[in-house]
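Student: Structure below; questions to follow.
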Amino acid sequence: MLFVVAIGLFGVLGWFAASAFRAWSGLGRMDIERMTTIVAEETEDEPSPDDTAVPEFRLPPIPSAKDGIDTFLMVGTDSRDNLDDLEGFGHFEGARADVILLLIRPRNHQENTAIVSLPRDLWVATPCGQMRINDTLQGCQDMNGESTLLATVESLTGLGVDHVAIVDMAGFQEVVDRLGGYEICVENPVRDPKAKLDLPAGCHLADGADTLAWLRSRNTQEQMEDGRWVRMDGVNDLTRNERQRKFLIDMLGRLGNFRDPSEALETAQAIAPFVTVDQDLGIAQAVSLAWSMRGLEDDITEIDIPVQDYRTQAGAQVLIAAVDIESVIADVIAVETVGQSERQAAG
């Protein structure tokens with residue numbers, strides 16, 4: 001989720017090249033396999049809903065230097081691997097995609113950078129049948145989780161994704177702490193015991209743990225004047241998406257705020273162990289990306305994807321897109337190669 005921030009920390013180093021490369025080498029690397037054919041199968045434990053409920057899976061497009069955009073998939077996982085205290089989080093093996101954000105940057109710099117947020121409970125067609133999009137990070141068939149999620153997002157949006165980065169919960173908290181916290185403003189005291197959220201009224205400079213709790217909370221309660229705790233109006237999984245987008249935009253706005261390169265380098269070295277990027281992302285590309293994103297907080301377009309509730313044949317409560325996601329994005333961002341004509345030829 002926060003990989004652009006992490007990349008940006010490397011981007012301002014410039015003349016500290018040797019140290020920057022040492023920090024860069026601390027990042028985890030993931031192998032991404034691009035699909036060339038479709039061999040889809042339904043999941044065994046979750047029957048698919050009606051065929052008309054979600055668009056069929058399409059062969060993902062290939063990222064192109066001619067499409068006029070740079071695209072970056074940012075994923076925040078709910079991995080428990082680096083959490084010392086699992087109370088309130090539960091325990092399971094592996095990781096799911098808790099936050100899925102697609103950042104689209106026009107190369108002509110004449111249009112705003114855009115962010116698309118995909119709800120974790122979105123029911124979608126994947127290379128392995130229909131499932132919640134957050135479960136694709138578990139992988140399927142012979143594909144690893146990162147490749148499965150990437151192919152699913154590309155099929156949904158009609159966009160070839162240039163690069164992918166993942167940060168886990170522990171890394172998320174470390175990033176926020178290193179950047180000096182995150183301001184959260186609420187009218188009344190709020191809490192959510194399940195998410196470990198407990199904040200006073202007013203504006204509060206939250207540390208990494210409190211920020212994580214705020215962004216994860218689905219059942220935020222606020223304390224009324226008479227002392228009663230009631231659920232905040234309108235708070236649901238989509239509220240989390242809105243909070244996460246605002247947080248990312250705020251983090252992007254900090255890319256150029258370091259006092260000097262040494263401060264940026266120190267922060268980069270601290271958070272690098274918590275960030276994983278695709279094997280094709282080089283430091284030169286990261287520097288270019290970060291530099292172009294300085295001060296973008298006022299020039300980001302948020303693309304909302306309308307959704308509606310849906311119950312699967314197995315009784316699971318999920319969300320489905322109420323519109324064609326590819327068309328919504330194409331209405332906002334001019335993409336030269338959007339559409340089926342630029343997709344890979346099957347077989």
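We label chains A, B, ... in the order they appear in the structure tokens, count residues from 1 in each chain, and number ligands from 1 in the order shown.
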So that I can check the surroundings of Gly26 (chain A), please list as a short mmCIF file (atom, residue, chain, number, x, y, z; two decimals) with N, CA and C atoms, in the first residue's frame every protein, DNA and RNA residue that reaches within 9 Å of it, counting only C-alpha atoms and ignoring chain neighbours fewer than 5 positions away.

Tutor:
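Everything below was put into selection07.cif:
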```cif
data_model
loop_
_atom_site.label_atom_id
_atom_site.label_comp_id
_atom_site.auth_asym_id
_atom_site.auth_seq_id
_atom_site.Cartn_x
_atom_site.Cartn_y
_atom_site.Cartn_z
N PHE A 21 21.88 2.53 -3.07
CA PHE A 21 21.86 1.17 -3.58
C PHE A 21 21.87 0.16 -2.44
N GLN A 269 16.30 3.19 4.70
CA GLN A 269 16.96 1.99 5.19
C GLN A 269 16.13 1.30 6.27
N ILE A 271 12.75 1.27 6.57
CA ILE A 271 11.50 0.66 6.11
C ILE A 271 11.70 -0.36 5.00
N ALA A 272 12.89 -0.39 4.39
CA ALA A 272 13.13 -1.29 3.26
C ALA A 272 12.81 -2.75 3.58
N PRO A 273 13.13 -3.27 4.78
CA PRO A 273 12.85 -4.68 5.05
C PRO A 273 11.38 -5.04 5.03
N PHE A 274 10.49 -4.05 5.10
CA PHE A 274 9.07 -4.33 5.16
C PHE A 274 8.38 -4.17 3.80
N VAL A 275 9.14 -3.84 2.76
CA VAL A 275 8.56 -3.58 1.45
C VAL A 275 9.07 -4.60 0.44
#
```

Student: List the neighbours of Asp198 (chain A) out to 10 Å using only C-alpha atoms; skip same-chain residues closer than 5 positions along the sequence, and give me the result as a ChimeraX atom specification.

Tutor: /A:189-193,210,213-214,220-222

Student: Just the selected residues (C-alpha atoms), exported as a PDB file, in the first residue's frame, please.

Tutor:
```pdb
ATOM      1  CA  PRO A 189     -13.892   9.949  20.959  1.00  0.00           C
ATOM      2  CA  VAL A 190     -13.837   6.832  18.784  1.00  0.00           C
ATOM      3  CA  ARG A 191     -13.121   3.178  19.394  1.00  0.00           C
ATOM      4  CA  ASP A 192     -13.212  -0.212  17.743  1.00  0.00           C
ATOM      5  CA  PRO A 193     -12.013  -2.969  20.102  1.00  0.00           C
ATOM      6  CA  ASP A 210      -3.200   3.860  15.916  1.00  0.00           C
ATOM      7  CA  ALA A 213      -6.299   0.634  13.628  1.00  0.00           C
ATOM      8  CA  TRP A 214      -8.080   3.673  12.120  1.00  0.00           C
ATOM      9  CA  THR A 220     -15.994   2.415  14.396  1.00  0.00           C
ATOM     10  CA  GLN A 221     -17.974   3.632  17.400  1.00  0.00           C
ATOM     11  CA  GLU A 222     -18.147   7.192  18.702  1.00  0.00           C
TER      12      GLU A 222
END
```

Student: Measuring atom to atom with only C-alpha atoms, identify which of A:Leu27, A:Val318, A:Val54, A:Leu156 is nearest to Gln279 (chain A).

Tutor: A:Leu27

Student: Let me make sure I understand: among A:Gly28, A:Pro61, A:Pro119, A:Pro127, which one has the smallest atom-to-atom distance to Arg245 (chain A) if we use only C-alpha atoms?

Tutor: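 Checking each candidate against Arg245 (chain A), we get A:Pro119 as the closest.
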
Student: With distances taken over only C-alpha atoms, which of A:Ala209, A:Val161, A:Val75, A:Ala151 is nearest to Ile104 (chain A)?

Tutor: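 Closest to Ile104 (chain A), using only C-alpha atoms: A:Val161.
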
Student: Show which residues sit within 12 Å of Gly234 (chain A), as a PyMOL selection string. Count only C-alpha atoms, and ignore same-chain residues fewer than 3 positions away.

Tutor: chain A and resi 218-221+230-231+237-240+242
